[in-house]
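So this one's start16.pdb, PDB, C-alpha atoms, pLDDT in the B column:
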```pdb
ATOM      1  CA  MET W   2      50.566 -10.079 -13.720  1.00 43.00           C
ATOM      2  CA  THR W   3      53.892  -9.631 -15.514  1.00 49.00           C
ATOM      3  CA  GLN W   4      56.455 -12.424 -15.275  1.00 67.00           C
ATOM      4  CA  LEU W   5      59.847 -11.155 -14.084  1.00 77.00           C
ATOM      5  CA  ASP W   6      62.385 -13.240 -15.978  1.00 89.00           C
ATOM      6  CA  TYR W   7      65.527 -11.132 -15.590  1.00 90.00           C
ATOM      7  CA  PHE W   8      67.112  -9.054 -12.855  1.00 92.00           C
ATOM      8  CA  GLN W   9      70.511  -7.586 -12.040  1.00 94.00           C
ATOM      9  CA  ARG W  10      71.817  -7.020  -8.516  1.00 93.00           C
ATOM     10  CA  LYS W  11      74.950  -6.248  -6.540  1.00 95.00           C
ATOM     11  CA  LEU W  12      75.820  -8.555  -3.673  1.00 96.00           C
ATOM     12  CA  ASP W  13      76.290  -6.761  -0.377  1.00 94.00           C
ATOM     13  CA  ASN W  14      79.494  -7.008   1.689  1.00 95.00           C
ATOM     14  CA  LYS W  15      78.222 -10.216   3.330  1.00 95.00           C
ATOM     15  CA  ARG W  16      77.689 -11.966  -0.069  1.00 95.00           C
ATOM     16  CA  ARG W  17      73.899 -11.617   0.177  1.00 95.00           C
ATOM     17  CA  LEU W  18      71.707 -11.508  -2.910  1.00 96.00           C
ATOM     18  CA  THR W  19      68.371  -9.710  -2.623  1.00 95.00           C
ATOM     19  CA  ILE W  20      65.553 -11.528  -4.412  1.00 94.00           C
ATOM     20  CA  PRO W  21      63.172  -9.066  -6.118  1.00 93.00           C
ATOM     21  CA  THR W  22      59.902  -8.531  -4.279  1.00 91.00           C
ATOM     22  CA  GLU W  23      57.954  -9.822  -7.315  1.00 91.00           C
ATOM     23  CA  LEU W  24      59.658 -13.234  -7.004  1.00 91.00           C
ATOM     24  CA  ARG W  25      59.686 -13.807  -3.251  1.00 91.00           C
ATOM     25  CA  ASP W  26      56.413 -15.746  -3.200  1.00 91.00           C
ATOM     26  CA  LYS W  27      58.110 -18.387  -5.402  1.00 91.00           C
ATOM     27  CA  PHE W  28      60.663 -18.924  -2.609  1.00 93.00           C
ATOM     28  CA  VAL W  29      58.242 -19.264   0.328  1.00 92.00           C
ATOM     29  CA  SER W  30      59.391 -22.872   0.805  1.00 92.00           C
ATOM     30  CA  GLY W  31      63.047 -21.800   0.648  1.00 95.00           C
ATOM     31  CA  ALA W  32      65.792 -21.682  -1.953  1.00 96.00           C
ATOM     32  CA  VAL W  33      68.376 -24.163  -3.210  1.00 97.00           C
ATOM     33  CA  ILE W  34      71.564 -22.947  -4.873  1.00 97.00           C
ATOM     34  CA  THR W  35      73.848 -25.266  -6.807  1.00 96.00           C
ATOM     35  CA  ARG W  36      76.624 -25.129  -9.329  1.00 95.00           C
ATOM     36  CA  GLY W  37      75.392 -24.865 -12.884  1.00 93.00           C
ATOM     37  CA  PHE W  38      76.567 -26.763 -15.948  1.00 92.00           C
ATOM     38  CA  GLY W  39      78.942 -23.899 -16.806  1.00 93.00           C
ATOM     39  CA  LYS W  40      80.474 -20.962 -14.936  1.00 94.00           C
ATOM     40  CA  TYR W  41      77.177 -19.971 -13.331  1.00 96.00           C
ATOM     41  CA  LEU W  42      74.877 -21.004 -10.494  1.00 97.00           C
ATOM     42  CA  HIS W  43      71.354 -22.388 -10.417  1.00 96.00           C
ATOM     43  CA  LEU W  44      68.777 -20.959  -8.026  1.00 97.00           C
ATOM     44  CA  TYR W  45      65.740 -23.189  -7.437  1.00 96.00           C
ATOM     45  CA  PRO W  46      62.659 -22.592  -5.337  1.00 96.00           C
ATOM     46  CA  LYS W  47      62.854 -25.371  -2.690  1.00 96.00           C
ATOM     47  CA  ASP W  48      59.619 -27.005  -3.851  1.00 96.00           C
ATOM     48  CA  VAL W  49      60.908 -27.149  -7.452  1.00 96.00           C
ATOM     49  CA  TRP W  50      64.124 -28.776  -6.213  1.00 95.00           C
ATOM     50  CA  ASP W  51      62.245 -31.291  -4.058  1.00 95.00           C
ATOM     51  CA  ASN W  52      59.593 -32.197  -6.645  1.00 95.00           C
ATOM     52  CA  LEU W  53      61.421 -31.940  -9.974  1.00 94.00           C
ATOM     53  CA  VAL W  54      65.198 -32.084  -9.504  1.00 93.00           C
ATOM     54  CA  GLU W  55      65.650 -34.467  -6.573  1.00 93.00           C
ATOM     55  CA  PRO W  56      63.629 -37.305  -8.169  1.00 92.00           C
ATOM     56  CA  ARG W  57      65.738 -37.021 -11.348  1.00 91.00           C
ATOM     57  CA  LEU W  58      68.944 -37.332  -9.298  1.00 92.00           C
ATOM     58  CA  GLU W  59      67.731 -40.609  -7.780  1.00 92.00           C
ATOM     59  CA  GLY W  60      68.002 -42.530 -11.087  1.00 87.00           C
ATOM     60  CA  ASP W  61      69.728 -45.877 -11.569  1.00 88.00           C
ATOM     61  CA  ILE W  62      72.439 -46.348  -8.937  1.00 87.00           C
ATOM     62  CA  LEU W  63      74.880 -47.614 -11.604  1.00 92.00           C
ATOM     63  CA  ASP W  64      74.181 -44.903 -14.175  1.00 92.00           C
ATOM     64  CA  GLU W  65      77.375 -42.846 -14.426  1.00 94.00           C
ATOM     65  CA  ARG W  66      75.509 -39.890 -15.970  1.00 93.00           C
ATOM     66  CA  ILE W  67      73.229 -39.735 -12.915  1.00 92.00           C
ATOM     67  CA  ALA W  68      76.271 -39.994 -10.640  1.00 94.00           C
ATOM     68  CA  ASP W  69      77.959 -37.101 -12.493  1.00 92.00           C
ATOM     69  CA  LEU W  70      74.807 -34.972 -12.166  1.00 91.00           C
ATOM     70  CA  ASN W  71      74.698 -35.692  -8.426  1.00 91.00           C
ATOM     71  CA  VAL W  72      78.304 -34.560  -8.043  1.00 92.00           C
ATOM     72  CA  GLN W  73      77.639 -31.439 -10.141  1.00 90.00           C
ATOM     73  CA  PHE W  74      74.527 -30.355  -8.273  1.00 90.00           C
ATOM     74  CA  ARG W  75      75.331 -31.511  -4.737  1.00 91.00           C
ATOM     75  CA  MET W  76      78.915 -30.199  -4.459  1.00 90.00           C
ATOM     76  CA  GLY W  77      78.500 -27.037  -2.415  1.00 87.00           C
ATOM     77  CA  LYS W  78      74.690 -27.134  -2.584  1.00 93.00           C
ATOM     78  CA  LEU W  79      72.998 -24.609  -0.291  1.00 92.00           C
ATOM     79  CA  ASP W  80      69.489 -25.045   1.063  1.00 94.00           C
ATOM     80  CA  MET W  81      68.163 -21.979   2.887  1.00 94.00           C
ATOM     81  CA  LYS W  82      65.265 -19.686   3.686  1.00 94.00           C
ATOM     82  CA  LEU W  83      65.093 -16.072   2.578  1.00 94.00           C
ATOM     83  CA  ASP W  84      65.983 -13.792   5.483  1.00 91.00           C
ATOM     84  CA  GLY W  85      62.556 -12.358   6.186  1.00 80.00           C
ATOM     85  CA  LYS W  86      61.673  -8.819   5.186  1.00 82.00           C
ATOM     86  CA  GLN W  87      64.842  -8.200   3.174  1.00 90.00           C
ATOM     87  CA  GLY W  88      64.351 -11.302   1.000  1.00 93.00           C
ATOM     88  CA  ARG W  89      68.049 -12.125   0.845  1.00 94.00           C
ATOM     89  CA  ILE W  90      70.055 -15.305   0.474  1.00 95.00           C
ATOM     90  CA  THR W  91      73.742 -15.640   1.290  1.00 94.00           C
ATOM     91  CA  LEU W  92      75.995 -17.113  -1.370  1.00 95.00           C
ATOM     92  CA  GLU W  93      79.033 -18.975  -0.066  1.00 94.00           C
ATOM     93  CA  GLN W  94      82.425 -17.878  -1.334  1.00 95.00           C
ATOM     94  CA  HIS W  95      83.259 -21.222  -2.989  1.00 94.00           C
ATOM     95  CA  LEU W  96      80.138 -20.927  -5.177  1.00 95.00           C
ATOM     96  CA  LEU W  97      81.001 -17.349  -6.101  1.00 96.00           C
ATOM     97  CA  ASP W  98      84.520 -18.503  -7.003  1.00 95.00           C
ATOM     98  CA  TYR W  99      83.121 -21.340  -9.137  1.00 95.00           C
ATOM     99  CA  ALA W 100      80.905 -18.921 -11.084  1.00 95.00           C
ATOM    100  CA  GLU W 101      83.616 -16.225 -11.136  1.00 95.00           C
ATOM    101  CA  ILE W 102      81.187 -13.783  -9.522  1.00 96.00           C
ATOM    102  CA  LYS W 103      82.799 -10.746  -7.914  1.00 93.00           C
ATOM    103  CA  ARG W 104      79.953  -8.449  -6.904  1.00 92.00           C
ATOM    104  CA  GLU W 105      77.427  -7.880  -9.692  1.00 95.00           C
ATOM    105  CA  VAL W 106      75.152 -10.669 -10.842  1.00 96.00           C
ATOM    106  CA  VAL W 107      72.604 -11.187 -13.560  1.00 96.00           C
ATOM    107  CA  ALA W 108      69.766 -13.651 -12.977  1.00 95.00           C
ATOM    108  CA  VAL W 109      67.755 -15.068 -15.851  1.00 95.00           C
ATOM    109  CA  GLY W 110      64.678 -17.243 -15.506  1.00 93.00           C
ATOM    110  CA  VAL W 111      65.195 -20.634 -17.157  1.00 92.00           C
ATOM    111  CA  GLY W 112      61.820 -22.324 -16.892  1.00 90.00           C
ATOM    112  CA  ARG W 113      61.235 -23.115 -13.219  1.00 92.00           C
ATOM    113  CA  TYR W 114      64.665 -22.005 -11.934  1.00 95.00           C
ATOM    114  CA  TRP W 115      67.145 -19.133 -12.342  1.00 95.00           C
ATOM    115  CA  ARG W 116      70.626 -18.970 -13.794  1.00 96.00           C
ATOM    116  CA  ILE W 117      72.839 -16.621 -11.761  1.00 97.00           C
ATOM    117  CA  MET W 118      76.020 -15.426 -13.413  1.00 96.00           C
ATOM    118  CA  ALA W 119      78.609 -12.688 -13.260  1.00 95.00           C
ATOM    119  CA  VAL W 120      77.646  -9.634 -15.283  1.00 87.00           C
ATOM    120  CA  GLU W 121      80.832 -10.163 -17.330  1.00 79.00           C
ATOM    121  CA  HIS W 122      79.673 -13.657 -18.404  1.00 65.00           C
ATOM    122  CA  SER W 123      76.152 -12.625 -19.362  1.00 61.00           C
ATOM    123  CA  ALA W 124      77.001 -11.091 -22.725  1.00 58.00           C
TER     124      ALA W 124
END
```

Structure translated into structure tokens:
Amino acid sequence: MTQLDYFQRKLDNKRRLTIPTELRDKFVSGAVITRGFGKYLHLYPKDVWDNLVEPRLEGDILDERIADLNVQFRMGKLDMKLDGKQGRITLEQHLLDYAEIKREVVAVGVGRYWRIMAVEHSA
């Protein structure tokens, strides 16, 4: 089975992103979308978020680096299910503004999650 590690899509008029059919089984538990480290978004399968990211965000309560990561990843965080047969997720406008996404997006697999960015920022 071939690993799909890149796809390009246009958001529909309701800001919905269609997840390719080949990837939908990775999102059976749901999807988590957060701000990225730069002008892009992160898209995590819910089980990856719960088992790998969340425990890392629970570090030392007085560790400023951990606090900064919590602010980065939790500000505007979306936790949702794909919408059934269409396999879509809705991106909120504030996240699109953060990543400077207008309509077309590029998604690149980065290990166990995806980086979603505006086509203009992908070069």

Residue neighbourhood His43 of chain W, 7 Å, only C-alpha atoms, exclusion window fewer than 6 positions, as a PDB file with C-alpha atoms, keeping the file's coordinate frame:
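Output file selection.pdb is given in full below:
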```pdb
ATOM      1  CA  ILE W  34      71.564 -22.947  -4.873  1.00 97.00           C
ATOM      2  CA  THR W  35      73.848 -25.266  -6.807  1.00 96.00           C
ATOM      3  CA  ARG W  36      76.624 -25.129  -9.329  1.00 95.00           C
ATOM      4  CA  GLY W  37      75.392 -24.865 -12.884  1.00 93.00           C
ATOM      5  CA  TYR W 114      64.665 -22.005 -11.934  1.00 95.00           C
ATOM      6  CA  TRP W 115      67.145 -19.133 -12.342  1.00 95.00           C
ATOM      7  CA  ARG W 116      70.626 -18.970 -13.794  1.00 96.00           C
ATOM      8  CA  ILE W 117      72.839 -16.621 -11.761  1.00 97.00           C
TER       9      ILE W 117
END
```

Subject >> Polymer residues at most 9 Å from segment 4-20 of chain W, all atoms listed in the file, same-chain spacing of 3 or more positions, as a list in words >> reply: Glu23, Leu24, Arg25, Leu83, Gln87, Gly88, Arg89, Ile90, Thr91, Leu92, Glu93, Gln94, Leu97, Lys103, Arg104, Glu105, Val106, Val107, Ala108, Val109, Gly110, Val111, Trp115 and Val120 of chain W

**OP:** Have a look at atom CA of Gly77 of chain W and atom CA of Asp48 of chain W and let me know their distance in Å, one decimal.
**Re:**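 A separation of 18.9 Å between them.
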
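The residue that comes closest to Asp84 of chain W, out of W:Met118, W:Leu63, W:Val29, W:Tyr41 and on the basis of all atoms listed in the file, is W:Val29.
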
Would you give the centre and edge lengths, in Å to one decimal, of a box along x, y and z around the listed atoms of segment 9-18 of chain W, with 8 Å added to each side, as JSON?
```
{"center_x": 75.0, "center_y": -9.1, "center_z": -4.4, "size_x": 25.0, "size_y": 21.7, "size_z": 31.4}
```

Original post:
Suppose you want the space between atom CA of Asp69 of chain W and atom CA of Arg57 of chain W; what is it in Å?
Top reply: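 Result for atom CA of Asp69 of chain W versus atom CA of Arg57 of chain W: 12.3 Å, one decimal.
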
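Atom CA of Glu101 of chain W lies 27.5 Å from atom CA of Gly85 of chain W.
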
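Neighbouring residues of Tyr45 of chain W at 6 Å or closer, counting only C-alpha atoms and skipping chain neighbours under 4 positions away, are Ala32, Val33, Trp50 and Tyr114 of chain W.
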
Original post:
Which one of W:Met81, W:Ile62, W:Met76, W:Leu42 sits closest to Ala119 of chain W if you count all atoms listed in the file?
Top reply: W:Leu42

**OP:** For each of W:Val49, W:Glu59, W:Val54, W:Lys78, take the minimum atom-to-atom distance to Arg113 of chain W, counting all atoms listed in the file, then give the residue where this is smallest.
**Re:** W:Val49
